[in-house]
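Everything below concerns the one structure shown next.
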Amino acid sequence: MPSRALPYLLLAPAALFLAAFFLYPAVQVAVIAFTRGDEVGLANFARMAGHWKFDTALWNTILLAAVVVPLQLALALFMGQIVTQMGRGRDLVLYVFTIPLGISDLAAGIIWLAILEQNGFLNSFLYHLGLLDSPVARLSYQNTLGLFVAVAIAEIWRATAIMLVILVAGMGLIPKEYNEAAEVFGASPWQRFVKVTLPLLKPSLQTALILRTILAFEVFAVVAALAGTSMPMLMGETYAWEFQLQDRGVAASYALVILGISIASTLVFLWWLRTPEEARA
Amino acid sequence: MRRHLTTTSALATLTLAAFAATSAPAPAAAQELLFWSTQARPVEEAQGMREEVLSGFEGGAVDYQPQDAGPFITRLRAETEANEGTIAVVGALHGELTAFADAFADLSAIDVSAASPALVELGRLGTDEQRYVPWMQATYLMAANRAALEHLPEGADVNALTWDQLIEWGRAMEEATGSPKIGLPAGPQGLRHRVVQGYFYPSFTDSMVTRFRSDDAVAMWETVKELWEVTNPRSTSYNFMQEPLLADEVWVAIDHTARLAEAFNQRPDDFIAFPAPAGPTGRGFMPVVAGIAVPATAPDQEASLALVRYMLQPDTQIATLRATNFFPVVDVELPEDMPPSVRAAGAAIALQSGAPDANPGLLPVGLGDLGGQFNQVYVDTFERIVLAGQPIEQVLDEGAQELRRIVDEAGAPCWAPDAASEGPCPVE
Amino acid sequence: MTATAPLPAHGAAPSDEIARALDLARAKRWLVAAVVTILCLWVLVPIYLVLVNALSTPSEVSGWPKSFVPSFAMESLAFFAGYRGVAEALLNSVMVAAITMVLSIVIGAPAGYALARFDFAGKNAFRILVLMTRAFPLPLLALPLAVAYIQIGLDDTILGLAFVHTMLAMPFAVLITASLFMGVPFELEEAAWTLGCTRLQAFVKVVLPLVSPGIAASAVFAFVVSWNEVFAAAVLTIENRTLTAFLLQSLNVSPLHLKFAGAAVLVLPALLFLFAVRKYLFAMWGIANR
């Protein structure tokens, strides 16, 4: 029988580490959020919520995550499934699929700007095809939808690999016999995917969704590169209040808002994709 | 499995080596002076600062580290809070230094008699002590592609342009080319607040703070909206106007000289520089001033002071101009062989400040760490009126309220072009 | 692969049906190949375009229309080769990332195992605590950390920065290893116990071989997280600057041609690293075929 203390012993190093390097500074920031001048209270939050950009930033951030994450999940699952169908060259293809993993968000912003800017490769491509006579601006502030789509594409390009790797690792652990058994009973590939692969993939799906959603709430550099100031995001506003406006109280409030929606989304995924009891020890 | 093991042991060796490296005393690091800066951030400018400007300093090796505002501020704050530091010298724009007045040592011991008195006064940050000394300066200028000149409205002199003529010019260019060819630095790191504070407001209201929501200001914002109609909508992403100019995305732009320099240097024959446009109350313009300060926590104050003195020497100032396109703050004779950007900008600056209707504004002083929020009022006003199309009067009313709160809280008296005030600068 | 089509049930013109099935299989193979090609292009083309820009002259980079074939102008890249401090910064980056990799697995994997195998009070609280490290804007954490680092002497050390990066990599390390351990049936471990293994022996002999490729994958994550992190690196290191902090900060404000060359300089080492470890990233296919 496992000793009752064992799980705590296993957790202890990580917990101590996080207490020192995360909780210690985070609590200090939280204290700043709840103090303004010498008073303790919600003044910073009121100031944050009263600013005209707050609603837009909150809405943009949630909307972007709501659009990007499901698309990335579908794409990652599709890529994973495709790869399992392959014989030769699988390693190479997987390597290619994971390349964006190594590319930082700042670099990804630079890369997509090169493509989408007025003199960029997309316009040049259309020009060479004879579909365009002179460069047109694609990333203008009036074209809110266009900016949103551009940011979404860049994010999907950059950050799908992270889900792919987690899901592929999970797929690898599904015993082949399950799928073979389903095939014997005449299940179509789609049925096998929905009835066998997806349920068995639940732990990995949960991890991938939680991590990716949290990271999506922190999107910053890609937006700054492609949309400039035209698309306020929570993280961008946090930066602005901390460094341009030098109002650390409001910046800390923004940080707590990001933390809040991240925890909320995590709880949703933990509950929605919970593993049934009997699967564990 | 063997492969895993080899990797693991290789990693372990690497880690051990890394630990050994971290625990060894930092070699020669102690003598290096850390120059912590927000300026000359573009990689080749940083390279120029290191190799051409600072290599001549004899008081020790200098580690020039240009930073984004974020890490710059965070590190400076951390050293101040810990009351212990490694930064020897801080170099940044006036607006970035104001928040740290208390963190800097008094530099009254530095001889600044060769520098312009107005700039030296700015460096006191509204206190009795010399918080920073001026390091280098620039200003905002217009730049245009020569191709734009043929569309100049009839009777307009490019060197004595008005804002209305600029709008007309923009309209003509848009008709001729099919896309708006005027650009403003309205991106996240663009200096749009200075364009509003130092160019629009003085030119239309002869004020920066006091007449923020006057009738003249309402008329001004109407004009700015007209200007925006012929401005490239990508402007909200432009931080440095040299890039869209070089890409021919825009033909006419306003920005500060160092952020236009690359255009003149890469294609000297294609671009001209000229003064900012004038409005009903003159040709408003504003300096860009960068200063050097020494944190109170600098490890070796004497060495830091020596470096500050070195930075003010005429030869260093000329080398700095070559590296950064920021002009000297002390009187120097410029050699003939300066880069094209310097020659183009130098002539235009002389025209701008010597113009009969010149109306120079000063940088905000005495705002302390509220400087950022002060600037934000202008940025917000711009974004709300021009981009979001909100009603001018209402936005100005709210902006004026915020402005009054900031100026009162800081207790900052007026500065040019507003008339001097007793106590905090009033907002009508 | 579905190369072996099921045999026809009754004998009417079997050759026809077999031929049709073979056609179908071939069509499917082509389809897969086409889809794979499109997906690979989707990933590779943007990177190729940056390389084109990095290998072009400044006027080509800002010119119109762009060529899709580089002119192999080396001046922008050469600038970085001669940039002072690039070599040391590269070394620092590798060292910080390597320490991060080891620390995050040594600390994270046991926690992942605990989450996967035990039910205990505070489990979800811990899970959320781990995730919070990624849900909190790092620039705000950097200030208190920097103050503490200066006070205790961790400031400007590779180890100190690696600690922060380990904190950032922890969610990946803990959650990925947890989902891996969950995927290994507990019965396997129990079987080992009944055969006389201790808990530790069972773990080392049964579980570890199954999950080690996945653990390698989460170590790769840690490496990448560390490699790409800018803010903490810029604040917490001075002499021991990492390559990303050294270059990336300034790229945003650099002229276009250097921006792209710099992006290429940053992207290439990461690509090479991923290529070098690709076997570990995906060795798990071996398990699937067990």
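Residues are referred to by chain and number: the chain letter is A, B, ... according to the order shown in the structure tokens, the number counts from 1 in that chain, and ligands are numbered separately from 1 in the order shown.
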Would you pick out the contacts of range 40-45 of chain C at 8 Å or less, using only C-alpha atoms, so that residues sharing its chain but fewer than 4 positions from it are not included, and give the list as a ChimeraX atom specification? /A:93,96-97,99-100,157 /C:36,49
Need the shell around Ile238 in chain C: protein/DNA/RNA residues with any atom at most 10 Å away, counting only C-alpha atoms. Skip same-chain ones fewer than 4 positions apart. Format as a PyMOL selection string? (chain B and resi 29+34+36+63+65+86-87) or (chain C and resi 155-157+233-234+242+245-246)
Saved selection, atoms kept: C-alpha atoms, as a compact mmCIF listing (two decimals), in the first residue's frame:
```txt
# COMPACT_ATOMS: atom_id res chain seq x y z
CA ALA B 29 32.95 42.24 -14.61
CA LEU B 34 27.03 49.40 -17.02
CA TRP B 36 21.68 51.30 -18.97
CA ASP B 63 28.95 47.83 -21.20
CA GLN B 65 22.91 47.98 -22.78
CA THR B 86 25.15 47.54 -10.84
CA ILE B 87 23.95 50.30 -13.17
CA ASP C 155 21.30 38.66 -9.49
CA ASP C 156 23.05 38.37 -12.85
CA THR C 157 23.68 34.63 -12.54
CA ALA C 233 16.40 37.53 -19.06
CA ALA C 234 16.69 41.22 -19.81
CA THR C 242 21.13 35.36 -23.15
CA ALA C 245 17.49 39.09 -24.48
CA PHE C 246 20.56 40.34 -26.27
```
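Residue neighbourhood of Leu208 in chain C, excluding near-sequence residues (fewer than 3 positions): Met1 and His4 of chain B; Ala109, Pro110, Tyr113, Thr177, Leu180, Phe181, Val184, Leu188, Glu189, Leu200, Gln201, Ala202, Phe203, Val204, Lys205, Val211, Ser212, Pro213, Gly214, Ile215 and Ala216 of chain C, at 12 Å, using only C-alpha atoms.
Distance-wise, CA of Trp228 in chain B and CA of Ser341 in chain B end up 27.1 Å apart.
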Neighbour list for Ala162 in chain C as a list of chain:residue names, cut-off 8 Å, only C-alpha atoms, skip fewer than 4 positions in-chain: C:Val96, C:Ala97, C:Ile99, C:Thr100, C:Ile158, C:Thr166, C:Ser226
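Across A:Tyr178, A:Phe220, A:Trp190, A:Trp52, the tightest approach to chain B is made by A:Trp52 when counting only C-alpha atoms.
The smallest atom-to-atom distance between chain A and any of C:Asp119, C:Asp16, C:Asp23, C:Glu239, using only C-alpha atoms, is found for C:Asp119.
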Apply DSSP to the structure's backbone, then extract all residues of range 190-398 of chain B labelled strand (DSSP E or B) and return them as an MDAnalysis selection string. chainID B and resid 231 252:256 271:274 278:279 282:285 287:293 295 327 330 358:360
Check: which chain C residues lie within 7 Å of chain B using only C-alpha atoms, as a compact mmCIF listing (two decimals) with N, CA and C atoms, in the first residue's frame:
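result-v9.txt, written as the output of this step:
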```txt
# COMPACT_ATOMS: atom_id res chain seq x y z
N SER C 62 12.71 46.35 -48.34
CA SER C 62 11.60 47.28 -48.26
C SER C 62 10.98 47.55 -49.63
N GLY C 63 11.47 46.88 -50.66
CA GLY C 63 11.00 47.16 -52.02
C GLY C 63 9.69 46.48 -52.37
N MET C 95 23.27 27.37 -21.85
CA MET C 95 23.44 26.91 -20.46
C MET C 95 22.17 27.11 -19.65
N ALA C 98 19.67 24.55 -20.69
CA ALA C 98 20.00 23.18 -20.26
C ALA C 98 19.67 22.99 -18.78
N ILE C 99 20.04 23.98 -17.97
CA ILE C 99 19.72 23.86 -16.55
C ILE C 99 18.21 23.82 -16.36
N LEU C 143 9.82 42.39 -11.17
CA LEU C 143 10.34 43.41 -10.25
C LEU C 143 10.61 42.86 -8.85
N ALA C 146 13.54 40.55 -9.01
CA ALA C 146 14.83 41.21 -9.19
C ALA C 146 15.31 41.81 -7.87
N VAL C 147 14.39 42.41 -7.11
CA VAL C 147 14.78 42.98 -5.82
C VAL C 147 15.34 41.88 -4.93
N ILE C 150 18.78 40.65 -6.10
CA ILE C 150 19.89 41.55 -5.77
C ILE C 150 20.25 41.39 -4.29
N GLN C 151 19.22 41.24 -3.45
CA GLN C 151 19.50 41.15 -2.02
C GLN C 151 20.20 39.86 -1.63
N THR C 157 23.08 35.95 -12.43
CA THR C 157 23.68 34.63 -12.54
C THR C 157 22.83 33.77 -13.48
N ILE C 158 23.50 32.85 -14.12
CA ILE C 158 22.81 31.95 -15.02
C ILE C 158 21.84 31.08 -14.24
N LEU C 159 22.26 30.67 -13.06
CA LEU C 159 21.41 29.81 -12.24
C LEU C 159 20.12 30.54 -11.84
N PHE C 231 11.88 38.72 -21.26
CA PHE C 231 11.76 39.79 -20.27
C PHE C 231 12.59 39.54 -19.02
N ALA C 234 16.19 39.86 -19.67
CA ALA C 234 16.69 41.22 -19.81
C ALA C 234 16.85 41.90 -18.45
N VAL C 235 15.96 41.58 -17.52
CA VAL C 235 16.00 42.25 -16.23
C VAL C 235 17.01 41.60 -15.29
N GLN C 249 15.07 42.13 -28.14
CA GLN C 249 14.61 43.41 -27.66
C GLN C 249 14.80 44.48 -28.71
N SER C 250 16.00 44.49 -29.27
CA SER C 250 16.34 45.59 -30.15
C SER C 250 15.80 45.38 -31.56
N LEU C 251 15.40 44.17 -31.87
CA LEU C 251 14.99 43.91 -33.25
C LEU C 251 13.77 44.72 -33.64
N VAL C 253 12.88 47.57 -33.07
CA VAL C 253 13.11 48.95 -33.44
C VAL C 253 14.25 49.08 -34.45
N SER C 254 14.76 47.96 -34.93
CA SER C 254 15.85 48.02 -35.88
C SER C 254 15.31 48.13 -37.30
```
Would you compute the distance between CA of Met182 in chain C and CA of Trp227 in chain C? Give it in Å to one decimal. 28.9 Å
Which residues are close to Phe54 in chain A, i.e. within 9 Å by only C-alpha atoms, leaving aside same-chain residues fewer than 3 positions away? Reply as an MDAnalysis selection string. chainID A and resid 48:51 57:59 232:234 237
Could you save those same residues with C-alpha atoms as a PDB file, in the first residue's frame?
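Generated output (out31.pdb):
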```pdb
ATOM      1  CA  MET A  48      -9.077  49.870 -14.583  1.00  0.00           C
ATOM      2  CA  ALA A  49     -12.715  49.065 -15.308  1.00  0.00           C
ATOM      3  CA  GLY A  50     -13.517  52.735 -15.819  1.00  0.00           C
ATOM      4  CA  HIS A  51     -10.931  53.161 -18.577  1.00  0.00           C
ATOM      5  CA  ALA A  57      -9.382  44.566 -24.235  1.00  0.00           C
ATOM      6  CA  LEU A  58     -11.237  41.995 -22.149  1.00  0.00           C
ATOM      7  CA  TRP A  59     -13.616  41.168 -24.978  1.00  0.00           C
ATOM      8  CA  PRO A 232      -6.267  46.355 -27.280  1.00  0.00           C
ATOM      9  CA  MET A 233      -5.572  43.137 -25.370  1.00  0.00           C
ATOM     10  CA  LEU A 234      -5.416  42.543 -21.620  1.00  0.00           C
ATOM     11  CA  GLU A 237      -2.883  47.010 -21.398  1.00  0.00           C
TER      12      GLU A 237
END
```
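Our summary of the geometry notes that CA of Gly82 in chain C is positioned 14.8 Å from CA of Met49 in chain B.
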Please report, as CSV, each residue of chain B lying at most 6 Å from chain A, together with the nearest pair of atoms and the separation in Å rounded to one decimal; use only C-alpha atoms, and order rows by chain and ascending residue number.
```
residue,atom,partner,partner_atom,distance
B:Gly70,CA,A:Phe243,CA,5.7
B:Gly187,CA,A:Gly228,CA,5.4
B:Pro188,CA,A:Thr229,CA,5.3
B:Pro233,CA,A:Ser140,CA,5.1
B:Arg234,CA,A:Ser140,CA,4.7
B:Thr236,CA,A:Gly228,CA,5.8
B:Ser237,CA,A:Gly228,CA,4.3
B:Gly372,CA,A:Leu245,CA,4.2
B:Gln373,CA,A:Leu245,CA,4.8
```
If you run DSSP over the backbone, which residues in range 80-294 of chain B end up alpha helix (DSSP H)? Put them as a PyMOL selection string. chain B and resi 80-82+94-97+117-122+146-149+163-177+192-195+201-205+215-229+242-246+261-266
Non-local contacts of Thr35 in chain A (12 Å; only C-alpha atoms; under 4 positions in same chain excluded) as number ranges by chain: A: 28-31, 39-46, 247-250, 252-253
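Closest to chain C among A:Val222, A:Ala74, A:Ile263, A:Ile32 is A:Ile263, based on only C-alpha atoms.
Comparing C:Ser179, C:Glu190, C:Ser59, C:Val50 by their smallest distance to Leu200 in chain A, the closest is C:Ser179 (using only C-alpha atoms).
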